[in-house]
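Raw query-v9.txt, compact mmCIF, C-alpha atoms:
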```txt
# COMPACT_ATOMS: atom_id res chain seq x y z
CA MET A 19 19.13 -5.52 9.66
CA GLU A 20 18.95 -2.72 7.11
CA LYS A 21 17.52 0.76 6.83
CA TYR A 22 16.86 3.43 4.20
CA ILE A 23 18.82 6.68 4.10
CA ILE A 24 16.91 9.41 2.29
CA LYS A 25 18.06 12.86 1.24
CA GLY A 26 14.83 14.76 0.75
CA GLY A 27 13.72 17.84 -1.09
CA LYS A 28 14.23 16.69 -4.69
CA LYS A 29 11.34 16.83 -7.13
CA LEU A 30 10.70 13.64 -9.07
CA TYR A 31 10.39 13.21 -12.82
CA GLY A 32 9.96 10.25 -15.14
CA GLU A 33 8.01 7.02 -15.43
CA VAL A 34 7.35 4.18 -13.01
CA GLU A 35 6.03 0.73 -13.97
CA ILE A 36 3.53 -0.75 -11.53
CA SER A 37 3.99 -4.39 -10.52
CA GLY A 38 1.41 -7.11 -10.09
CA GLY A 39 -1.02 -6.75 -7.21
CA LYS A 40 0.25 -7.79 -3.77
CA ASN A 41 -3.25 -8.42 -2.45
CA ALA A 42 -4.19 -10.44 -5.53
CA VAL A 43 -1.07 -12.61 -5.62
CA GLY A 44 -1.45 -13.21 -1.88
CA ALA A 45 -4.68 -15.09 -2.59
CA ILE A 46 -3.89 -16.54 -6.02
CA ILE A 47 -0.71 -18.39 -5.00
CA PRO A 48 -2.44 -20.28 -2.17
CA ALA A 49 -5.39 -20.89 -4.51
CA ALA A 50 -2.95 -22.76 -6.78
CA VAL A 51 -2.98 -25.53 -4.14
CA MET A 52 -6.46 -26.38 -5.43
CA VAL A 53 -5.25 -26.91 -9.02
CA GLN A 54 -4.31 -30.53 -9.69
CA GLY A 55 -2.12 -29.67 -12.62
CA ILE A 56 0.25 -26.94 -13.73
CA CYS A 57 -0.77 -23.30 -13.53
CA THR A 58 1.32 -20.47 -14.90
CA ILE A 59 0.95 -17.11 -13.15
CA GLU A 60 2.21 -13.97 -14.88
CA ASN A 61 2.91 -10.45 -13.57
CA VAL A 62 4.01 -11.79 -10.18
CA PRO A 63 5.65 -9.09 -8.04
CA SER A 64 9.07 -9.75 -6.52
CA ILE A 65 8.19 -9.12 -2.86
CA SER A 66 8.88 -11.01 0.33
CA ASP A 67 5.25 -12.17 0.70
CA VAL A 68 5.58 -14.05 -2.59
CA LYS A 69 8.87 -15.59 -1.48
CA TRP A 70 7.30 -16.85 1.74
CA PHE A 71 4.29 -18.32 -0.06
CA ILE A 72 6.55 -20.17 -2.49
CA GLU A 73 8.48 -21.58 0.47
CA ILE A 74 5.23 -22.78 2.06
CA LEU A 75 3.94 -24.46 -1.12
CA THR A 76 7.33 -26.06 -1.80
CA TYR A 77 7.45 -27.41 1.76
CA MET A 78 4.01 -28.94 1.21
CA GLY A 79 5.15 -30.74 -1.94
CA ALA A 80 4.42 -28.35 -4.80
CA LYS A 81 6.95 -27.74 -7.54
CA VAL A 82 7.45 -24.02 -8.17
CA THR A 83 9.55 -22.78 -11.08
CA TYR A 84 10.38 -19.25 -12.19
CA LEU A 85 10.02 -19.06 -15.97
CA ASN A 86 11.23 -15.47 -15.92
CA LYS A 87 11.43 -12.59 -13.46
CA THR A 88 7.65 -12.11 -13.24
CA THR A 89 6.25 -15.52 -14.22
CA ILE A 90 6.02 -18.58 -12.03
CA GLN A 91 4.80 -22.08 -12.77
CA ILE A 92 3.18 -24.01 -9.92
CA ASP A 93 2.53 -27.74 -10.07
CA SER A 94 0.51 -28.77 -7.00
CA THR A 95 -0.19 -32.30 -8.22
CA ASN A 96 2.01 -33.92 -5.58
CA ILE A 97 0.84 -31.93 -2.57
CA ASN A 98 -0.38 -34.57 -0.15
CA SER A 99 -0.49 -32.63 3.11
CA TYR A 100 -3.18 -30.30 4.41
CA ILE A 101 -0.92 -28.94 7.16
CA ALA A 102 0.75 -25.53 6.75
CA ASP A 103 3.80 -24.92 8.93
CA TYR A 104 3.05 -22.43 11.72
CA GLU A 105 6.42 -20.68 11.63
CA GLN A 106 5.96 -19.95 7.93
CA VAL A 107 2.34 -18.77 7.93
CA ARG A 108 2.79 -16.47 10.92
CA LYS A 109 4.83 -14.06 8.78
CA MET A 110 1.90 -12.74 6.76
CA ARG A 111 -1.82 -12.11 6.96
CA ALA A 112 -2.73 -13.63 3.59
CA SER A 113 -1.61 -17.07 4.75
CA TYR A 114 -5.14 -17.61 6.01
CA TYR A 115 -6.20 -18.25 2.40
CA LEU A 116 -4.54 -21.64 2.77
CA MET A 117 -7.49 -22.54 5.01
CA GLY A 118 -10.04 -22.26 2.23
CA ALA A 119 -7.72 -23.68 -0.42
CA LEU A 120 -6.66 -26.76 1.55
CA LEU A 121 -10.22 -27.37 2.75
CA SER A 122 -11.41 -27.26 -0.86
CA ARG A 123 -8.78 -29.74 -2.01
CA PHE A 124 -8.61 -32.17 0.93
CA ASN A 125 -11.75 -31.48 2.99
CA ASN A 126 -9.21 -30.79 5.72
CA ALA A 127 -6.92 -27.92 6.67
CA LYS A 128 -4.56 -27.31 9.57
CA VAL A 129 -3.19 -23.78 9.43
CA GLY A 130 -1.63 -21.50 12.04
CA LEU A 131 -3.29 -18.19 12.78
CA PRO A 132 -1.86 -15.56 10.42
CA GLY A 133 0.59 -12.76 11.13
CA GLY A 134 1.19 -9.67 8.99
CA CYS A 135 0.81 -5.99 9.85
CA ASN A 136 -0.50 -5.18 13.32
CA PHE A 137 -2.99 -2.33 13.20
CA GLY A 138 -5.98 -3.70 15.09
CA ASP A 139 -8.05 -6.78 15.64
CA ARG A 140 -8.79 -8.64 12.43
CA PRO A 141 -10.66 -11.74 13.57
CA ILE A 142 -11.43 -14.63 11.23
CA ASP A 143 -14.88 -15.32 12.67
CA LEU A 144 -16.60 -14.66 9.32
CA HIS A 145 -14.23 -17.08 7.59
CA ILE A 146 -15.12 -19.73 10.17
CA LYS A 147 -18.83 -18.98 9.79
CA GLY A 148 -18.58 -19.65 6.07
CA PHE A 149 -16.60 -22.88 6.49
CA GLU A 150 -19.11 -24.17 9.03
CA LEU A 151 -22.08 -23.34 6.80
CA LEU A 152 -20.41 -25.32 4.02
CA GLY A 153 -20.35 -28.32 6.37
CA ALA A 154 -16.93 -28.10 8.03
CA ASN A 155 -16.06 -28.47 11.69
CA VAL A 156 -13.64 -25.83 12.96
CA VAL A 157 -11.57 -26.10 16.14
CA MET A 158 -8.93 -23.58 17.25
CA GLU A 159 -6.28 -24.66 19.73
CA HIS A 160 -2.78 -23.43 20.56
CA GLY A 161 -2.82 -20.93 17.71
CA ILE A 162 -3.72 -23.57 15.11
CA VAL A 163 -6.99 -23.68 13.15
CA ASN A 164 -8.13 -27.27 12.50
CA ILE A 165 -10.83 -27.60 9.83
CA SER A 166 -12.39 -30.85 8.66
CA ALA A 167 -15.44 -31.99 6.73
CA GLU A 168 -16.82 -35.28 5.47
CA LYS A 169 -17.93 -33.29 2.46
CA LEU A 170 -18.58 -29.67 1.57
CA THR A 171 -22.07 -28.73 0.44
CA GLY A 172 -23.14 -25.51 -1.25
CA THR A 173 -25.04 -23.06 0.95
CA SER A 174 -25.97 -19.40 1.41
CA VAL A 175 -23.58 -17.26 3.44
CA TYR A 176 -24.46 -13.74 4.54
CA LEU A 177 -21.47 -11.71 5.67
CA ASP A 178 -22.27 -9.31 8.51
CA ILE A 179 -19.39 -7.16 7.27
CA ALA A 180 -18.19 -6.98 3.67
CA SER A 181 -14.90 -8.65 4.57
CA VAL A 182 -12.35 -9.09 1.78
CA GLY A 183 -10.60 -11.99 3.48
CA ALA A 184 -13.80 -13.85 4.32
CA THR A 185 -15.21 -13.33 0.82
CA ILE A 186 -12.12 -14.85 -0.80
CA ASN A 187 -11.69 -17.67 1.72
CA ILE A 188 -15.32 -18.79 1.45
CA MET A 189 -15.11 -18.55 -2.33
CA LEU A 190 -12.02 -20.80 -2.30
CA ALA A 191 -13.69 -23.37 -0.06
CA ALA A 192 -16.88 -23.39 -2.14
CA VAL A 193 -15.25 -23.96 -5.54
CA ARG A 194 -15.36 -27.75 -5.21
CA ALA A 195 -18.34 -28.02 -2.84
CA GLU A 196 -21.33 -30.00 -3.99
CA GLY A 197 -24.03 -27.69 -5.40
CA GLN A 198 -24.22 -23.89 -5.40
CA THR A 199 -22.91 -21.45 -2.82
CA ILE A 200 -24.14 -17.86 -2.64
CA ILE A 201 -22.15 -15.23 -0.75
CA GLU A 202 -24.27 -12.19 0.11
CA ASN A 203 -22.86 -8.80 1.17
CA ALA A 204 -19.61 -9.88 -0.46
CA ALA A 205 -16.70 -7.45 -0.64
CA LYS A 206 -16.07 -5.96 -4.10
CA GLU A 207 -12.35 -5.13 -4.17
CA PRO A 208 -10.50 -5.56 -7.49
CA HIS A 209 -8.37 -8.41 -6.18
CA ILE A 210 -11.52 -10.41 -5.34
CA VAL A 211 -12.46 -10.19 -9.01
CA ASP A 212 -8.90 -11.20 -9.90
CA VAL A 213 -9.02 -14.30 -7.69
CA ALA A 214 -12.40 -15.30 -9.17
CA ASN A 215 -11.04 -14.82 -12.70
CA PHE A 216 -8.00 -16.95 -11.86
CA LEU A 217 -10.17 -19.75 -10.49
CA ASN A 218 -12.48 -19.58 -13.52
CA ALA A 219 -9.43 -19.81 -15.79
CA MET A 220 -8.56 -23.04 -13.97
CA GLY A 221 -12.06 -24.51 -14.42
CA ALA A 222 -14.18 -23.03 -11.62
CA ASP A 223 -17.70 -21.62 -12.12
CA ILE A 224 -17.93 -18.29 -10.29
CA LYS A 225 -20.25 -15.43 -11.22
CA GLY A 226 -20.84 -12.02 -9.66
CA ALA A 227 -17.37 -11.22 -8.30
CA GLY A 228 -17.15 -7.44 -7.98
CA THR A 229 -20.79 -7.23 -6.87
CA ASP A 230 -22.29 -7.86 -3.44
CA ILE A 231 -23.63 -11.29 -4.47
CA ILE A 232 -21.24 -14.00 -5.65
CA LYS A 233 -22.51 -17.35 -6.90
CA ILE A 234 -20.25 -20.39 -7.03
CA LYS A 235 -21.28 -23.66 -8.63
CA GLY A 236 -19.11 -26.49 -7.38
CA VAL A 237 -16.92 -28.38 -9.85
CA ASP A 238 -15.19 -31.74 -9.48
CA GLN A 239 -11.66 -30.53 -10.18
CA LEU A 240 -9.52 -27.59 -11.22
CA TYR A 241 -7.08 -28.03 -14.07
CA GLY A 242 -4.03 -26.10 -15.20
CA GLY A 243 -3.90 -22.89 -17.15
CA THR A 244 -2.28 -19.48 -17.48
CA TYR A 245 -3.32 -16.29 -15.73
CA THR A 246 -1.99 -12.71 -15.51
CA ILE A 247 -2.36 -10.83 -12.22
CA ILE A 248 -3.81 -7.32 -12.25
CA PRO A 249 -1.63 -4.27 -11.51
CA ASP A 250 -1.27 -3.24 -7.88
CA GLN A 251 -3.82 -0.53 -7.09
CA ILE A 252 -2.08 0.46 -3.85
CA GLU A 253 1.42 0.60 -5.31
CA ALA A 254 0.06 2.85 -8.06
CA GLY A 255 -1.71 5.06 -5.51
CA THR A 256 1.47 5.24 -3.44
CA TYR A 257 3.51 6.62 -6.34
CA MET A 258 0.71 9.06 -7.11
CA ALA A 259 0.72 10.34 -3.52
CA LEU A 260 4.52 10.44 -3.56
CA ALA A 261 4.63 12.56 -6.71
CA ALA A 262 2.02 14.88 -5.18
CA ALA A 263 3.97 15.25 -1.92
CA VAL A 264 7.40 15.81 -3.44
CA GLY A 265 6.43 17.70 -6.57
CA GLY A 266 7.54 17.22 -10.15
CA LYS A 267 5.85 15.11 -12.82
CA VAL A 268 5.54 11.32 -12.72
CA THR A 269 3.88 8.95 -15.19
CA VAL A 270 2.45 5.89 -13.40
CA LYS A 271 2.26 3.08 -15.97
CA ASN A 272 0.59 -0.35 -16.15
CA ILE A 273 -2.53 0.51 -14.18
CA ILE A 274 -6.29 0.09 -14.45
CA PRO A 275 -7.57 3.69 -14.14
CA LYS A 276 -11.00 2.62 -12.87
CA HIS A 277 -9.36 1.04 -9.84
CA MET A 278 -7.72 4.42 -9.09
CA GLU A 279 -10.86 6.58 -9.19
CA SER A 280 -11.25 7.23 -5.45
CA ILE A 281 -7.54 8.02 -5.09
CA SER A 282 -7.45 10.26 -8.17
CA ALA A 283 -10.53 12.14 -6.93
CA LYS A 284 -8.95 12.99 -3.56
CA LEU A 285 -5.65 14.00 -5.11
CA SER A 286 -7.48 16.28 -7.52
CA GLU A 287 -9.39 17.79 -4.59
CA ALA A 288 -6.02 18.46 -2.93
CA GLY A 289 -4.90 20.48 -5.95
CA VAL A 290 -2.86 17.82 -7.73
CA ASP A 291 -2.98 17.66 -11.53
CA ILE A 292 -4.14 14.25 -12.81
CA GLU A 293 -4.09 13.22 -16.48
CA GLU A 294 -5.66 9.83 -17.16
CA PHE A 295 -4.95 7.57 -20.14
CA ASP A 296 -5.90 4.00 -21.07
CA ASP A 297 -3.35 2.31 -18.82
CA SER A 298 -1.44 5.16 -17.19
CA ILE A 299 -1.85 8.33 -15.15
CA ILE A 300 0.37 11.42 -15.11
CA VAL A 301 0.62 13.11 -11.71
CA SER A 302 2.11 16.59 -11.27
CA ARG A 303 1.94 19.43 -8.77
CA THR A 304 3.16 23.00 -9.13
CA LYS A 305 1.01 24.77 -6.51
CA PRO A 306 0.38 24.39 -2.76
CA LEU A 307 -1.76 21.47 -1.56
CA ASN A 308 -5.32 22.02 -0.36
CA LYS A 309 -6.76 20.51 2.80
CA VAL A 310 -8.93 17.42 2.20
CA ASN A 311 -11.17 15.23 4.34
CA ILE A 312 -11.00 11.47 3.78
CA LYS A 313 -12.87 8.49 5.18
CA THR A 314 -11.67 5.00 4.28
CA LEU A 315 -14.38 2.61 3.13
CA PRO A 316 -14.71 -0.73 1.34
CA TYR A 317 -14.22 -0.59 -2.44
CA PRO A 318 -15.21 1.48 -4.39
CA GLY A 319 -14.60 3.84 -1.47
CA PHE A 320 -11.20 5.21 -0.52
CA PRO A 321 -8.91 2.26 0.37
CA THR A 322 -7.63 1.87 3.92
CA ASP A 323 -4.28 0.75 2.48
CA MET A 324 -3.81 4.30 1.10
CA GLN A 325 -4.66 6.07 4.35
CA PRO A 326 -1.11 6.47 5.75
CA GLN A 327 0.26 7.68 2.41
CA MET A 328 -2.45 10.32 2.12
CA THR A 329 -1.93 11.39 5.72
CA ALA A 330 1.76 11.92 4.97
CA LEU A 331 0.78 14.01 1.95
CA LEU A 332 -1.87 16.09 3.75
CA CYS A 333 0.59 17.05 6.49
CA LEU A 334 1.97 19.36 3.79
CA ALA A 335 -1.43 20.86 2.84
CA LYS A 336 -2.63 24.29 3.88
CA GLY A 337 -5.22 24.21 6.67
CA THR A 338 -6.77 21.34 8.59
CA SER A 339 -7.56 17.96 7.07
CA ILE A 340 -9.58 15.23 8.80
CA ILE A 341 -8.77 11.56 8.16
CA THR A 342 -11.34 9.02 9.36
CA GLU A 343 -10.39 5.33 9.39
CA GLY A 344 -13.54 3.37 8.56
CA ILE A 345 -12.05 -0.13 8.45
CA PHE A 346 -9.47 -0.86 11.18
CA ASP A 347 -9.29 0.17 14.83
CA HIS A 348 -5.65 1.09 15.29
CA ARG A 349 -4.26 2.24 11.97
CA PHE A 350 -2.82 5.52 13.23
CA ARG A 351 0.04 3.95 15.18
CA TYR A 352 2.51 5.58 12.81
CA VAL A 353 1.61 9.20 13.61
CA ASP A 354 4.27 9.46 16.32
CA GLU A 355 6.87 8.74 13.64
CA LEU A 356 5.49 11.48 11.38
CA ARG A 357 5.64 13.82 14.38
CA ARG A 358 9.38 13.12 14.57
CA LEU A 359 9.57 14.67 11.12
CA GLY A 360 7.64 17.73 12.27
CA ALA A 361 4.05 16.77 11.46
CA LYS A 362 1.21 18.19 13.55
CA LEU A 363 -1.26 15.38 14.14
CA GLU A 364 -3.85 14.57 16.80
CA VAL A 365 -5.61 11.21 16.96
CA ASP A 366 -8.90 10.48 18.69
CA GLY A 367 -9.92 6.88 18.11
CA LYS A 368 -10.46 6.42 14.41
CA VAL A 369 -10.07 10.12 13.55
CA CYS A 370 -6.83 11.97 12.83
CA ILE A 371 -6.74 15.77 12.72
CA VAL A 372 -3.95 16.98 10.42
CA GLU A 373 -2.67 20.56 10.71
CA GLY A 374 -0.64 21.50 7.67
CA ILE A 375 3.06 22.37 8.02
CA ASP A 376 5.41 24.13 5.64
CA ASN A 377 7.86 21.23 5.42
CA TYR A 378 9.08 18.05 7.05
CA LEU A 379 12.52 18.01 8.69
CA GLY A 380 14.65 14.87 8.40
CA ALA A 381 14.83 12.53 11.41
CA VAL A 382 15.26 8.89 12.42
CA VAL A 383 11.94 7.01 12.17
CA HIS A 384 10.77 3.41 12.41
CA ALA A 385 8.21 1.63 10.21
CA CYS A 386 5.60 -0.26 12.24
CA ASP A 387 3.83 -1.85 9.25
CA LEU A 388 3.85 -1.94 5.46
CA ARG A 389 1.76 1.10 4.53
CA ALA A 390 2.92 3.14 7.52
CA GLY A 391 6.48 2.43 6.41
CA ILE A 392 5.95 3.70 2.89
CA ALA A 393 4.27 6.81 4.32
CA LEU A 394 7.53 7.53 6.17
CA VAL A 395 9.44 7.14 2.91
CA ILE A 396 7.09 9.66 1.28
CA ALA A 397 7.62 12.10 4.15
CA GLY A 398 11.39 11.55 4.05
CA LEU A 399 11.56 12.26 0.33
CA ALA A 400 9.64 15.49 0.88
CA ALA A 401 11.68 16.51 3.94
CA GLU A 402 14.57 18.91 4.33
CA GLY A 403 17.77 17.05 5.20
CA ILE A 404 18.43 13.37 5.91
CA THR A 405 15.82 10.83 7.05
CA GLU A 406 16.65 7.33 8.28
CA VAL A 407 13.82 4.78 7.98
CA GLN A 408 14.24 1.66 10.10
CA GLY A 409 12.04 -1.45 10.07
CA ILE A 410 12.15 -1.60 6.27
CA GLU A 411 11.40 -5.35 6.24
CA HIS A 412 7.75 -4.31 6.56
CA ILE A 413 7.98 -2.11 3.46
CA GLU A 414 9.66 -4.78 1.35
CA ARG A 415 6.73 -7.14 1.97
CA GLY A 416 4.72 -5.15 -0.53
CA TYR A 417 6.83 -2.92 -2.81
CA GLU A 418 8.86 -4.47 -5.60
CA GLU A 419 12.24 -2.87 -6.39
CA LEU A 420 11.28 0.23 -4.43
CA LEU A 421 14.74 1.78 -4.37
CA SER A 422 15.49 1.31 -8.07
CA LYS A 423 12.08 2.69 -9.03
CA LEU A 424 12.54 5.74 -6.81
CA GLN A 425 16.13 6.29 -7.94
CA ALA A 426 14.99 6.19 -11.58
CA LEU A 427 12.65 9.08 -10.76
CA GLY A 428 15.55 11.07 -9.31
CA ALA A 429 15.14 10.31 -5.61
CA SER A 430 18.19 10.19 -3.33
CA ILE A 431 17.65 7.00 -1.34
CA LYS A 432 19.97 4.16 -0.36
CA LYS A 433 19.74 0.98 1.72
CA ILE A 434 22.50 0.38 4.25
CA SER A 435 23.10 -1.91 7.22
CA THR A 436 21.81 -0.61 10.54
CA ASN A 437 25.30 -1.34 11.86
CA GLU A 438 26.73 1.32 9.59
CA THR A 439 27.19 4.61 11.31
CA GLY A 440 28.36 7.67 9.52
CA LYS A 441 28.65 11.25 10.54
CA ASN A 442 28.32 12.27 6.91
CA LEU A 443 25.28 10.35 5.65
CA ASN A 444 24.81 13.17 3.18
CA ASN A 445 27.85 11.97 1.26
CA MET A 446 26.74 8.33 1.42
CA ILE A 447 23.77 8.92 -0.88
CA GLY A 448 25.12 11.78 -2.97
```
Can the structure in the file be given as C-alpha cells, please?
Amino acid sequence: MEKYIIKGGKKLYGEVEISGGKNAVGAIIPAAVMVQGICTIENVPSISDVKWFIEILTYMGAKVTYLNKTTIQIDSTNINSYIADYEQVRKMRASYYLMGALLSRFNNAKVGLPGGCNFGDRPIDLHIKGFELLGANVVMEHGIVNISAEKLTGTSVYLDIASVGATINIMLAAVRAEGQTIIENAAKEPHIVDVANFLNAMGADIKGAGTDIIKIKGVDQLYGGTYTIIPDQIEAGTYMALAAAVGGKVTVKNIIPKHMESISAKLSEAGVDIEEFDDSIIVSRTKPLNKVNIKTLPYPGFPTDMQPQMTALLCLAKGTSIITEGIFDHRFRYVDELRRLGAKLEVDGKVCIVEGIDNYLGAVVHACDLRAGIALVIAGLAAEGITEVQGIEHIERGYEELLSKLQALGASIKKISTNETGKNLNNMIG
C-alpha cells in the first residue's frame, strides 16, 4: 500500500491540463459493448476506473488497444457473453452501466451489484423500473442482477428523482429497443450529454440530452466511429478549489467554462479571483476567504462531487459557512479527518457547519472515498508542516497523474510505501 506525503504552505503557480471526464468515460466505455464494430475513444483519462473497465471488456471478449496515451480503440464484435464478472464490477459504481449496455445488445444481462465510493444508499430501483418498462424481467439474487427480455419495446419512463445513473442506463437499454422511448425528469449533467453524443456518433438516434426530456428512437445496430470525451468538470473544479485554498495563480486549461459556472460563482463569492477564457480559467487569491453557504443540487446546480473540496476550502474562510448536501445521505464521513488537521466542523444530518480557522496543521489522515480523499490533499497542501494521506487508492480512481500535475505547479508532494517510516519526512520531499 502507498500514501502521499505532503509538505504544505507553498503557493502554487503555473498551468494544469484537465483530463477527460471520469464520469463520462465510466459510461462510454461500457456503452462500447453495444457497438458491433470498432470505436475509437479519444481524451481517455489514465485512471484506475478505466483500467478496470478495460479488464472487464477484455475478459468478455472485446479487443482493446491503446493507440496512444489518451486514445483507445475498442472492438466489441466478438463479445458473446452477457455476464460481467462480480469480482471485477464490485470495484466501481459505474459498472452498473453494463446492465443497460448488455441488455441492449443481447436482451440479457447478468451483472453484480456495483461498488465504488461509500457515502450513502444509492439504490438502483429507478434503473430497474426503466428496464422493466422496456419489457425486461429483473431478478436480484446473491448480489447479482439478472435481466432478460424476449424483446425491448420503446416506452415512457418518468423518473421520480432526476438520477444520473438511471437516466444513462435507461438510455443505453433503449437505444436498440423497438420504437421510441421517452425519459421524463431526466438528469441533465454534462456527461449525460456526452454519452448521448457518443451513441449518436455510433449510429443511435437520441434527442434532448441535457434537458429534462430525452427521446430515443430505436435503431437496429450501432456501428463504429470516433469520439472525443469532454473535459472533466470535477477535476477542473478541484484544481480551482486547490488554487483558492493554497493561494497563488493557476491556469486551468482544457475546460468547458459553461460546465464550471456554479463552481466559479461560489469561488467568486468566497473572494477568489476568476478570469474566464474560451477553454481555460485563471484562478488566483491574494486576500482572505469569505464565508459562503452551499447546497449541492443536480446540474446545473452545485455538484455534489465538489462538496468535500469546497468544505476543505471554506474551513480557511473567515466566519461561519453552511454546507448542505442535497444529493447523498452520508457524504460528510470525511469531516473527522479534516478535524485531525485542525478544522472546526459540526455535522447534523445533511448539514455541515464550518467555523473558519487561521490554518490547517499537518497530521496523518485517511481517505474514505475519492472526493473526500482529494479534499484531504487540498487541506494538506494548505497546512503548516507535514501531512500523510493514506487510502490513496480511492483518489487514484479519478485523478490522472495527480502528483506530476501538482508538482508542476510547485507543490511538495510525494508517494511512498506505507511500510516506509522516516523520522525526517521533511527531507524526503524536499
Starting from the point (-12.6, -26.7, 11.0), work out which residues of protein, DNA or RNA have an atom no more than 12 Å away when counting all atoms listed in the file; state them as JSON, numbers by chain. {"A": [117, 118, 120, 121, 122, 125, 126, 127, 128, 129, 143, 145, 146, 147, 148, 149, 150, 151, 152, 153, 154, 155, 156, 157, 158, 159, 162, 163, 164, 165, 166, 167, 168, 170, 191]}
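Computed from the coordinates, the CA of Lys305 (chain A) to CA of Leu334 (chain A) distance equals 11.7 Å.
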Please produce, as JSON lines, a per-residue contact table for region 380-440 of chain A versus region 265-272 of chain A (criterion: any atom at most 12 Å away, only C-alpha atoms considered), showing the nearest atom pair and its distance in Å to one decimal, sorted by chain then residue number.
```
{"residue": "A:Ile396", "atom": "CA", "partner": "A:Gly265", "partner_atom": "CA", "distance": 11.3}
{"residue": "A:Leu399", "atom": "CA", "partner": "A:Gly265", "partner_atom": "CA", "distance": 10.2}
{"residue": "A:Ala400", "atom": "CA", "partner": "A:Gly265", "partner_atom": "CA", "distance": 8.4}
{"residue": "A:Ala401", "atom": "CA", "partner": "A:Gly265", "partner_atom": "CA", "distance": 11.8}
{"residue": "A:Lys423", "atom": "CA", "partner": "A:Val270", "partner_atom": "CA", "distance": 11.0}
{"residue": "A:Leu424", "atom": "CA", "partner": "A:Val268", "partner_atom": "CA", "distance": 10.7}
{"residue": "A:Ala426", "atom": "CA", "partner": "A:Val268", "partner_atom": "CA", "distance": 10.8}
{"residue": "A:Leu427", "atom": "CA", "partner": "A:Val268", "partner_atom": "CA", "distance": 7.7}
{"residue": "A:Gly428", "atom": "CA", "partner": "A:Gly266", "partner_atom": "CA", "distance": 10.1}
{"residue": "A:Ala429", "atom": "CA", "partner": "A:Gly266", "partner_atom": "CA", "distance": 11.2}
```
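Among A:Met220, A:Ile312, A:Leu116, A:Ile97, the residue with the shortest atom-to-atom distance to Leu190 (chain A), counting all atoms listed in the file, is A:Leu116.
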Give me, as a VMD selection string, all polymer residues having an atom no more than 9 Å from region 76-90 of chain A, counting only C-alpha atoms and skipping those fewer than 2 positions away in the same chain. chain A and resid 37 to 38 51 57 to 64 71 to 74 92 to 103 246
Report the distance between CA of His384 (chain A) and CA of Ile341 (chain A) in Å, rounded to one decimal place. 21.6 Å
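Each of A:Asn311, A:Cys386, A:Ile248, A:Tyr417 was compared to Asp67 (chain A) using only C-alpha atoms, and A:Tyr417 turns out to be the nearest.
Our summary of the geometry notes that CA of Asn437 (chain A) is positioned 12.4 Å from CA of Tyr22 (chain A).
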